[in-house]
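What follows is one structure encoded as structure tokens, with my remarks underneath.
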Amino acid sequence: MGKNKPKAKGRRPSWTRSLLRSACFVFCLLTIRVVALQGFTITSGSMEPTLLVGDFVWANKAAMGSRIPFTDIRIPGYSDPRRGDILVFDPPHSDSLILVKRVVGLPGDTLAMRAGILYRSDHPQVEPYVVVKGLPDNFSPPMLWQRSILVGGPRADYAPTRDNWGPLVIPEGHYFMMGDNRDDSLDSRTWGLVERWRFEGWVVFRYFSYNRDSHRPFPFIREIRWSRIGTRPR
């Protein structure tokens, strides 16, 4: 009887092939991160109750157009901002902040606020997501930037407050952003309009949420808001 031939050993993937697969995987993840989706964490209460501190959200970057890192080049998006959209953006007053607010004014809109109610073209807007706490409302000097876009031109007697301002005409290429927590939100009322190129993405859903303000140990485990996970902010 002949000797049994040794079984052929399976080929082990070469070091080069393994490295190439890993590089492809990393490239795909980076592509998704740069072009399609990006995660953000909510760290302030300006969008309560729609978004709570401790909500983790995905933003669709492809919709607004993605910016290639370390360049000024943007990949064109397939959608324009709409009233009511919740968007992530770089605010004009800071190079280090990333904010999340709601679009309330588009280019060409005429906006005003009277006693805390938002008006567009003299029509009060229905905003079921808004919270008003009734805090004191006083003259706000930072809001005087609004004089430049007042209907009828600048007025020396213009004295805007948080809940009473305008009417303003939104210029082309600019958007008016506000938080849903109207009494506790620094937004376009104070620091101005947002240019189209500043938008980073459209908030599409929450992938995690926990009570960051809890004093219990390990709140990210013990204070998970299960009912919010996987839901879409509206």
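All residue names refer to the structure tokens as shown: chains lettered A, B, ... in order, residues numbered from 1 in each chain, ligands numbered from 1 in order.
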
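Those residues in segment 110-213 of chain A carrying a DSSP assignment of helix (DSSP H, G or I), computed from the backbone, are Pro141, Pro142, Met143, Leu144, Trp145, Gln146, Arg147, Ser148, Ile149, Arg182, Asp183, Asp184, Ser188, Arg189, Thr190, Trp191, Arg196, Trp197 and Arg198 of chain A.
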
Which of segment 11-228 of chain A DSSP labels strand (DSSP E or B), written as number ranges by chain: A: 37-41, 55-60, 65-67, 74-76, 86-89, 99-105, 110-114, 117-120, 123-124, 131, 139, 150, 161, 165-169, 174-178, 181, 194-195, 199-210, 224

Using only C-alpha atoms: which of A:Phe208, A:Gly65, A:Thr16, A:Leu135 has the shortest distance to Ile221 of chain A: A:Phe208

Segment 142-153 of chain A: which residues within 6 Å, counting only C-alpha atoms, same-chain residues fewer than 3 positions away excluded, as a PDB file with all heavy atoms, in the first residue's frame?
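Final output, saved to result.pdb:
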ATOM      1  N   PRO A 167     -40.391  93.450  11.335  1.00  0.00           N
ATOM      2  CA  PRO A 167     -40.201  92.395  10.325  1.00  0.00           C
ATOM      3  C   PRO A 167     -38.870  92.511   9.571  1.00  0.00           C
ATOM      4  O   PRO A 167     -38.391  93.605   9.307  1.00  0.00           O
ATOM      5  CB  PRO A 167     -41.386  92.592   9.386  1.00  0.00           C
ATOM      6  CG  PRO A 167     -41.717  94.047   9.503  1.00  0.00           C
ATOM      7  CD  PRO A 167     -41.408  94.436  10.914  1.00  0.00           C
ATOM      8  N   LEU A 168     -38.334  91.347   9.245  1.00  0.00           N
ATOM      9  CA  LEU A 168     -37.069  91.244   8.536  1.00  0.00           C
ATOM     10  C   LEU A 168     -37.292  90.552   7.195  1.00  0.00           C
ATOM     11  O   LEU A 168     -38.123  89.659   7.078  1.00  0.00           O
ATOM     12  CB  LEU A 168     -36.064  90.410   9.352  1.00  0.00           C
ATOM     13  CG  LEU A 168     -35.931  90.705  10.845  1.00  0.00           C
ATOM     14  CD1 LEU A 168     -34.989  89.691  11.491  1.00  0.00           C
ATOM     15  CD2 LEU A 168     -35.429  92.124  11.074  1.00  0.00           C
ATOM     16  N   VAL A 169     -36.498  90.938   6.194  1.00  0.00           N
ATOM     17  CA  VAL A 169     -36.515  90.258   4.906  1.00  0.00           C
ATOM     18  C   VAL A 169     -35.220  89.459   4.784  1.00  0.00           C
ATOM     19  O   VAL A 169     -34.128  90.021   4.840  1.00  0.00           O
ATOM     20  CB  VAL A 169     -36.639  91.250   3.733  1.00  0.00           C
ATOM     21  CG1 VAL A 169     -36.602  90.507   2.401  1.00  0.00           C
ATOM     22  CG2 VAL A 169     -37.926  92.044   3.848  1.00  0.00           C
ATOM     23  N   THR A 190     -30.016  86.407  17.575  1.00  0.00           N
ATOM     24  CA  THR A 190     -28.900  87.087  18.242  1.00  0.00           C
ATOM     25  C   THR A 190     -27.656  87.195  17.377  1.00  0.00           C
ATOM     26  O   THR A 190     -27.067  88.279  17.258  1.00  0.00           O
ATOM     27  CB  THR A 190     -28.544  86.343  19.547  1.00  0.00           C
ATOM     28  OG1 THR A 190     -29.691  86.288  20.389  1.00  0.00           O
ATOM     29  CG2 THR A 190     -27.395  87.028  20.262  1.00  0.00           C
TER      30      THR A 190
END

Between segment 84-134 of chain A and segment 37-43 of chain A, at 12 Å or less, what are the per-residue closest atom pairs and their distances in Å? Count only C-alpha atoms, order by chain and rising residue number, and return it as a Markdown table.
| residue | atom | partner | partner_atom | distance |
| --- | --- | --- | --- | --- |
| A:Leu87 | CA | A:Phe40 | CA | 11.2 |
| A:Val88 | CA | A:Phe40 | CA | 8.6 |
| A:Phe89 | CA | A:Phe40 | CA | 11.1 |
| A:Leu97 | CA | A:Thr43 | CA | 11.4 |
| A:Ile98 | CA | A:Phe40 | CA | 9.0 |
| A:Leu99 | CA | A:Ile42 | CA | 8.8 |
| A:Val100 | CA | A:Ile42 | CA | 8.0 |
| A:Lys101 | CA | A:Ile42 | CA | 10.9 |
